[in-house]
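The structure appears below as structure tokens.
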Amino acid sequence: MSRLEITQLNKSFGALKVTDDVSLNVEPGEVHAIIGPNGAGKTTLIAQLSGELRPDSGRIVLDGRDITQTSMPERVHLGLARSFQITQVLPSFTVLDNVALAVQARQGSSYRFFGNVASEEALNAAAMRALRDAGLEDRAGARASALSHGEHRRLELACALATEPQLLLLDEPLAGVGGEDAEAFIARLRALRGRLTMVLIEHDMDAVFALATRLSVLVYGRIIATGTPEEVRSDPAVRAAYLGEEEMPA
Ligand SMILES: Nc1ncnc2c1ncn2[C@@H]1O[C@H](COP(=O)(O)OP(=O)(O)OP(=O)(O)O)[C@@H](O)[C@H]1O
């Protein structure tokens with residue numbers, strides 16, 4: 001069974017068709033990148049997957065369950081997390097406490113943050129696991145406001161991981177992140193490959209080709225190609241669509 005099945009999804013803003021009959025399967029453990037020129041409809045597609053936007057028609061199925069009409073919080077509960085959107089980092093809280101709050105949000109009211117030592121320890125242990133996966137464990141005690149931009153993005157990743165998602169939607173995780181920070185981030189995401197399924201939108205083509213197991217290319221709301229990085233890279237229609245836009249690695 002596919003982790004995610006998107007069938008004939010359509011979404012328009014007025015006369016502008018932004019998602020045009022999109023069908024796509026994402027298999028468990030894969031990193032599926034969605035690339036395409038500016039304005040192709042990538043963010044709009046992700047927003048429909050997260051539940052922020054409702055499609056006009058079509059179906060979204062997560063692990064065999066139709067979630068097309070399911071609310072955003074319920075989707076999170078079902079194992080779908082959108083990084084960089086579902087969590088708001090609290091700057092005056094420590095890195096660890098920020099992630100612990102995200103763990104607590106997943107666990108609902110069954111845990112209390114204060115008052116019960118055992119539950120607090122469990123909360124912190126789960127938060128530390130997420131911090132390790134995001135490569136931020138050595139910054140656990142720092143205030144979130146003291147983090148660099150790259151570290152801040154990894155904190156957001158840790159908060160998303162704290163919800164233990166089956167499917168993680170990553171919307172331009174490397175935006176504004178450069179150099180070593182970007183490399184560290186890509187290494188973290190690579191290490192997570194196979195453990196959870198990811199749908200990735202990213203403008204940095206080197207990162208996309210380093211991470212994606214498969215890619216879909218979106219142009220004017222339509223998927224013009226889906227395949228492995230090699231297949232997509234050599235597809236003439238894809239190269240034509242990218243001409244004069246973003247660079248495709250040779
Ligand atoms: N809420 C909205 N109302 C009207 N038009 C919208 C809305 N959101 C997006 N659009 C339009 O839909 C089209 C697709 O936008 P979207 O942000 O999904 O593209 P994108 O591929 O993510 O672009 P980018 O790579 O530049 O982030 C654009 O033409 C955009 O102006």
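Going through the structure tokens in order, the chains are called A, B, and so on, while each chain numbers its residues from 1 and the ligands are numbered from 1 in the order shown.
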
List the neighbours of Ala187 (chain A) out to 12 Å using only C-alpha atoms; skip same-chain residues closer than 4 positions along the sequence, and give me the result as a list in words. Asp133, Ala134, Gly135, Arg154, Glu180, Asp181, Ala182, Glu183, Ala191, Leu192, Arg193, Ala207, Ala210 and Leu211 of chain A

Please identify all protein, DNA and RNA residues within 7 Å of ligand 1, counting only C-alpha atoms and all ligand atoms, and report them as a ChimeraX atom specification. /A:13,18,36-45

Hey, which of A:Ala81, A:Arg3, A:Gly176, A:Glu27 ends up closest to Glu164 (chain A)? Count only C-alpha atoms.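 Closest candidate: A:Ala81.
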
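Minimum atom-to-atom distance to Val219 (chain A), evaluated using only C-alpha atoms, belongs to A:Arg239 out of A:Arg233, A:Arg139, A:Arg239, A:Arg132.
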
Calculated over only C-alpha atoms, which of the candidates A:Cys159, A:Ala15, A:Leu90, A:Leu196 has the smallest distance to Val103 (chain A)?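 Distance minimum relative to Val103 (chain A) lands on A:Cys159.
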
Output as an MDAnalysis selection string all residues of region 37-216 of chain A that backbone DSSP marks as helix (DSSP H, G or I). chainID A and resid 42:50 72:77 95:110 117:133 137:139 144:146 149:161 179:192 205:211

Determine which residues of region 49-158 of chain A receive a DSSP assignment of strand (DSSP E or B), computed from the backbone, and state them as a list in words. Ser57, Gly58, Arg59, Ile60, Val61, Leu62, Arg65, Asp66, Leu80, Ala81, Arg82, Ser83, Thr94 and Arg143 of chain A

Just how far from CA of Met1 (chain A) is CA of Ala160 (chain A), in Å to one decimal?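 CA of Ala160 (chain A) sits 24.0 Å away from CA of Met1 (chain A).
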
Name the closest residue to Asp21 (chain A) among the candidates A:Gly58, A:Gly141, A:Pro236, A:Gly178; distances are taken between atoms, counting only C-alpha atoms.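 Distance minimum relative to Asp21 (chain A) lands on A:Gly58.
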
Can you work out which one of A:Ala122, A:Met198, A:Ala146, A:Arg153 has the shortest atom-to-atom distance to Leu80 (chain A), counting only C-alpha atoms?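 Among the listed residues, the smallest separation from Leu80 (chain A) belongs to A:Met198.
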
Can you pull out every residue within 7 Å of Gly227 (chain A), counting only C-alpha atoms, but drop anything in the same chain fewer than 3 positions away, and send it as a PyMOL selection string? chain A and resi 214-216+231-232

Do you have the CA of Glu52 (chain A)-CA of Leu170 (chain A) distance handy? 14.3 Å

Near region 59-70 of chain A, counting only C-alpha atoms, which residues have an atom at most 7 Å away, once you skip same-chain residues fewer than 4 positions from it, shown as a PyMOL selection string? chain A and resi 1-9+51+74-75

Write out the residues from the selection above, keeping N, CA and C atoms, as a tab-separated table (two decimals), in the first residue's frame.
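And here's selection-v5.tsv as it stands now:
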```
chain	number	residue	atom	x	y	z
A	1	MET	N	0.84	-1.20	0.00
A	1	MET	CA	0.00	0.00	0.00
A	1	MET	C	0.88	1.26	0.00
A	2	SER	N	0.52	2.20	-0.84
A	2	SER	CA	1.28	3.46	-0.85
A	2	SER	C	1.03	4.21	0.45
A	3	ARG	N	2.03	4.97	0.87
A	3	ARG	CA	1.83	5.82	2.04
A	3	ARG	C	0.82	6.91	1.71
A	4	LEU	N	0.99	7.48	0.51
A	4	LEU	CA	0.13	8.59	0.09
A	4	LEU	C	-0.34	8.34	-1.34
A	5	GLU	N	-1.64	8.49	-1.52
A	5	GLU	CA	-2.20	8.35	-2.87
A	5	GLU	C	-3.00	9.60	-3.19
A	6	ILE	N	-2.53	10.31	-4.19
A	6	ILE	CA	-3.23	11.52	-4.62
A	6	ILE	C	-3.90	11.18	-5.95
A	7	THR	N	-5.19	11.40	-6.03
A	7	THR	CA	-5.91	11.03	-7.25
A	7	THR	C	-6.70	12.21	-7.81
A	8	GLN	N	-6.36	12.58	-9.01
A	8	GLN	CA	-7.08	13.60	-9.79
A	8	GLN	C	-7.43	14.83	-8.96
A	9	LEU	N	-6.41	15.39	-8.35
A	9	LEU	CA	-6.60	16.55	-7.49
A	9	LEU	C	-6.68	17.82	-8.34
A	51	GLY	N	-3.72	19.88	4.67
A	51	GLY	CA	-5.08	20.20	5.12
A	51	GLY	C	-5.35	21.68	5.28
A	74	GLU	N	-6.14	16.80	12.81
A	74	GLU	CA	-6.42	15.37	12.73
A	74	GLU	C	-5.40	14.66	11.84
A	75	ARG	N	-4.99	15.35	10.78
A	75	ARG	CA	-3.96	14.77	9.89
A	75	ARG	C	-2.65	14.60	10.65
```

For Ser145 (chain A), work out the shell of residues within 12 Å, counting only C-alpha atoms and skipping chain neighbours fewer than 4 positions away, then give it as a ChimeraX atom specification. /A:89-95,98,139,141,149,151-152,155
